[in-house]
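Notes for the one structure printed next.
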Amino acid sequence: TGFFTYDPGFLATASCESKITFIDGNQGILLHRGYPIEQLAEHSDYIEVCYLLLNGELPTLAQRDKFENTIRRHTMVHEQLTQFFKGFRRDAHPMAVMCGVVGALSAFYHEAMDISDAYHREVSAHRLLAKMPTIAAMCYKYSTGQPFVYPRNDLTYAENFLHMMFATPCEEYKVNPVFARAMDRIFMLHADHEQNASTSTVRLAGSTGANPFACIAAGIAALWGPAHGGANEAVLTMLDQIGDESRIEEFVARAKDKDDPFKLMGFGHRVYRNFDPRARVMKKTCDEVLNELGMADDPQLRIAKRLEQIALEDDYFKSRRLYPNVDFYSGIILKAIGIPTNMFTVIFAMSRTIGWISHWNEMISNDYKIGRPRQLYTGAEQRDYPQS
Ligand code: CMC
């Protein structure tokens with residue numbers, strides 16, 4: 001029609017103003033509220049980054065204590081929600097369960113419907129942050145047939161998640177500090193990434209005035225796809241599929257073949273065209289975990305390292321600026337920690353919840369309009385219904 005800007009895939013459209021996260025894809029810069037991700041990864045932790053994303057500033061010690069205690073107070077889910085889990089098939093994908101359960105939280109916190117009240121918005125953010133690890137671990141426990149493990153509020157966020165995943169009523173799980181640190185890093189490096197597909201989905205859903213739990217459920221659905229959060233799971237599936245170092249060349253050739261839909265999972269990024277700053281930190285953490293486990297020579301890892309090398313040297317990947325992204329390394333770390341592959345994207349969703357809710361809150365706290373894109377219509381012209 002000529003009236004609208006046509007920008008499929010939103011390659012050149014800013015959908016909103018935001019003060020939360022800055023990305024310079026050419027220079028590989030990622031800042032949360034102005035702080036570089038590398039410095040946060042080195043000196044901060046996930047809980048502090050959550051406070052920062054939500055509130056705009058780093059907390060004082062007293063503010064941090066208060067925030068952490070508030071999150072701890074909300075870690076349990078309503079007991080009735082355990083019944084809801086039982087309606088799912090045991091072999092359901094944990095992301096399918098998570099979408100449903102998080103959406104169902106709307107049915108428990110009616111005051112959250114009042115999104116015009118800043119206090120209610122804050123409590124919803126705290127509830128979501130506190131309950132996501134509990135829900136994620138419950139998804140896993142349900143799939144294994146083991147009883148749900150209640151949260152332990154004396155543990156840190158990452159330790160508590162590992163405890164709920166791996167403890168059983170018969171056996172305590174002794175949390176390995178290297179694993180807890182690696183988990184915390186994974187949470188931190190996935191916390192926010194400005195207007196990616198799932199965050200844009202949360203904003204779009206939120207722009208209609210929908211409640212925060214429903215909006216986050218929409219974000220989880222958008223994250224699930226293999227081009228987005230599903231990539232960490234897809235990396236491991238791909239490494240399994242390759243199976244042996246001798247078959248690497250065959251798969252690389254397939255990735256370059258335009259008639260073959262196969263892509264190297266964990267490579268490439270819409271915004272980062274030189275390197276992904278999160279991938280650098282993740283690679284270091286990956287080495288730490290594998291050394292701790294004495295797994296530096298794991299066969300699957302050798303395939304991963306070789307792929308990484310090919311991507312850095314081969315003209316196809318170099319000319320298209322395709323580098324290993326954050327999910328290439330996070331998948332390998334999670335596997336080494338003993339997290340089952342189908343939980344990888346669930347962990348991404350858990351980590352990204354703070355980003356989603358911070359963006360939602362930023363939008364609702366300011367003037368906003370309902371998100372309503374237009375289209376270029378290419379269908380049939382007006383025509384008459386056939387009369388017999
Ligand atoms: N393997 C082989 N070729 C690739 C790959 C890949 N992983 N990624 C992009 N290309 C090619 C693509 O075919 C195109 O080639 P040509 O110019 O000859 O047509 C060129 O590189 C540019 O790619 P694009 O599809 O235009 O890039 P995009 O910005 O639309 O897509 C992406 C970015 C991340 C969806 C894509 O690179 C991809 O599918 N990667 C694999 C999945 C993945 O790892 N996703 C996780 C992203 S990071 C975490 C997150 O955001 O959730």
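Here's how to read the names in the structure tokens: chain A, B, ... by the order shown, residue numbers from 1 in each chain, ligand numbers from 1 in the order shown.
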> Which residues, written as a PyMOL selection string, have at least one atom at most 12 Å from Leu81 in chain A, with only C-alpha atoms counted and residues fewer than 2 positions away on the same chain left out?
Replying inline: chain A and resi 76-79+83-87+97-98+100-108+131+134-135+138-139+148
>> Could you list, as a PyMOL selection string, all residues that come within 9 Å of ligand 1? Count only C-alpha atoms and all ligand atoms.
In response: chain A and resi 9+11+190+193+196-198+223-232+234-235+252+254-258+261-272+276+316-317+319-328+348
For Gly355 in chain A, please output as a compact mmCIF listing (two decimals) with N, CA and C atoms, in the first residue's frame all residues within 6 Å (counting only C-alpha atoms; exclusion window: fewer than 3 positions along the same chain).
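Once written, part.txt looks like this:
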```txt
# COMPACT_ATOMS: atom_id res chain seq x y z
N ALA A 191 20.44 -13.64 31.35
CA ALA A 191 19.44 -12.85 32.08
C ALA A 191 18.65 -11.88 31.19
N ASP A 192 19.34 -11.21 30.27
CA ASP A 192 18.61 -10.31 29.39
C ASP A 192 19.37 -10.09 28.09
N ARG A 352 16.03 -16.15 31.83
CA ARG A 352 15.56 -14.99 31.07
C ARG A 352 14.34 -14.34 31.71
N SER A 358 11.47 -7.50 33.65
CA SER A 358 12.00 -6.13 33.73
C SER A 358 11.50 -5.32 32.54
```
How close does range 147-260 of chain A get to range 279-300 of chain A? List, as a Markdown table, each residue of range 147-260 of chain A within 10 Å, its nearest atom pair and the distance in Å to one decimal, counting only C-alpha atoms.
```
| residue | atom | partner | partner_atom | distance |
| --- | --- | --- | --- | --- |
| A:Asn176 | CA | A:Glu292 | CA | 9.8 |
| A:Val178 | CA | A:Val289 | CA | 6.6 |
| A:Phe179 | CA | A:Val289 | CA | 6.9 |
| A:Arg181 | CA | A:Thr285 | CA | 8.7 |
| A:Ala182 | CA | A:Thr285 | CA | 6.2 |
| A:Met183 | CA | A:Thr285 | CA | 9.5 |
| A:Arg185 | CA | A:Met282 | CA | 7.7 |
| A:Ile186 | CA | A:Met282 | CA | 7.5 |
| A:Leu189 | CA | A:Met282 | CA | 7.9 |
| A:Leu236 | CA | A:Gln300 | CA | 8.7 |
| A:Leu239 | CA | A:Gln300 | CA | 6.4 |
| A:Asp240 | CA | A:Gln300 | CA | 7.5 |
| A:Ile242 | CA | A:Gln300 | CA | 9.1 |
| A:Gly243 | CA | A:Gln300 | CA | 7.4 |
| A:Asp244 | CA | A:Pro299 | CA | 7.7 |
| A:Glu245 | CA | A:Pro299 | CA | 8.1 |
```
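Residues with any atom within 6 Å of range 125-130 of chain A, counting only C-alpha atoms and excluding same-chain neighbours fewer than 4 positions away, are Ile71, His74 and Thr75 of chain A.
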>> To one decimal place in Å, what is the distance between CA of Met165 in chain A and CA of Ala137 in chain A?
In response: 5.0 Å
> Which residues in range 150-376 of chain A does DSSP call strand (DSSP E or B)? List them as JSON, numbers by chain.
Replying inline: {"A": [168, 171, 267, 324]}
Store the residues picked out above, limited to C-alpha atoms, as a short mmCIF file (atom, residue, chain, number, x, y, z; two decimals), in the first residue's frame.
```
data_model
loop_
_atom_site.label_atom_id
_atom_site.label_comp_id
_atom_site.auth_asym_id
_atom_site.auth_seq_id
_atom_site.Cartn_x
_atom_site.Cartn_y
_atom_site.Cartn_z
CA THR A 168 15.82 -37.22 46.68
CA GLU A 171 19.69 -38.84 49.61
CA PHE A 267 26.63 -20.77 15.48
CA PRO A 324 29.96 -19.89 18.26
#
```
> Which residue, A:Ala349, A:Thr237, A:Val202, A:Ile47, has the smallest gap to Phe67 in chain A when you use only C-alpha atoms?
Replying inline: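 Using only C-alpha atoms, Phe67 in chain A sits closest to A:Ile47.
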Contacts of Leu58 in chain A within 9 Å, only C-alpha atoms, excl. fewer than 6 positions in-chain, as an mmCIF file with N, CA and C atoms, in the first residue's frame:
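Saved to around.cif:
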```cif
data_model
loop_
_atom_site.group_PDB
_atom_site.id
_atom_site.type_symbol
_atom_site.label_atom_id
_atom_site.label_comp_id
_atom_site.auth_asym_id
_atom_site.auth_seq_id
_atom_site.Cartn_x
_atom_site.Cartn_y
_atom_site.Cartn_z
ATOM 1 N N GLU A 48 22.215 -10.356 42.113
ATOM 2 C CA GLU A 48 22.530 -8.932 42.020
ATOM 3 C C GLU A 48 22.156 -8.388 40.631
ATOM 4 N N VAL A 49 22.448 -9.188 39.590
ATOM 5 C CA VAL A 49 22.093 -8.768 38.227
ATOM 6 C C VAL A 49 20.567 -8.639 38.089
ATOM 7 N N TYR A 51 18.502 -7.764 40.461
ATOM 8 C CA TYR A 51 18.148 -6.497 41.118
ATOM 9 C C TYR A 51 18.459 -5.330 40.181
ATOM 10 N N LEU A 52 19.640 -5.411 39.572
ATOM 11 C CA LEU A 52 20.087 -4.349 38.666
ATOM 12 C C LEU A 52 19.127 -4.187 37.486
ATOM 13 N N ARG A 64 20.450 -5.546 48.868
ATOM 14 C CA ARG A 64 20.663 -6.885 48.347
ATOM 15 C C ARG A 64 20.101 -7.931 49.298
#
```
>> Going by DSSP on the backbone, which residues of range 266-384 of chain A come out as helix (DSSP H, G or I)? List them as a PyMOL selection string.
In response: chain A and resi 277-292+299-313+315-319+326-337+341-365
>> Counting only C-alpha atoms, which residue out of A:Cys215, A:Leu61, A:His359, A:Pro277 sits closest to Leu31 in chain A?
In response: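 Distance minimum relative to Leu31 in chain A lands on A:Pro277.
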> To one decimal place, how far is CA of Pro133 in chain A from CA of Thr353 in chain A in Å?
Replying inline: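 For CA of Pro133 in chain A relative to CA of Thr353 in chain A, the distance reads 10.4 Å.
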>> as a count of residues only, please: the residues near Asp91 in chain A (cut-off 12 Å, only C-alpha atoms, same-chain neighbours under 3 positions excluded).
In response: 15
>> So that I can check the surroundings of Arg374 in chain A, please list as a PyMOL selection string every protein, DNA and RNA residue that reaches within 10 Å of it, counting only C-alpha atoms and ignoring chain neighbours fewer than 3 positions away.
In response: chain A and resi 3-6+371+377
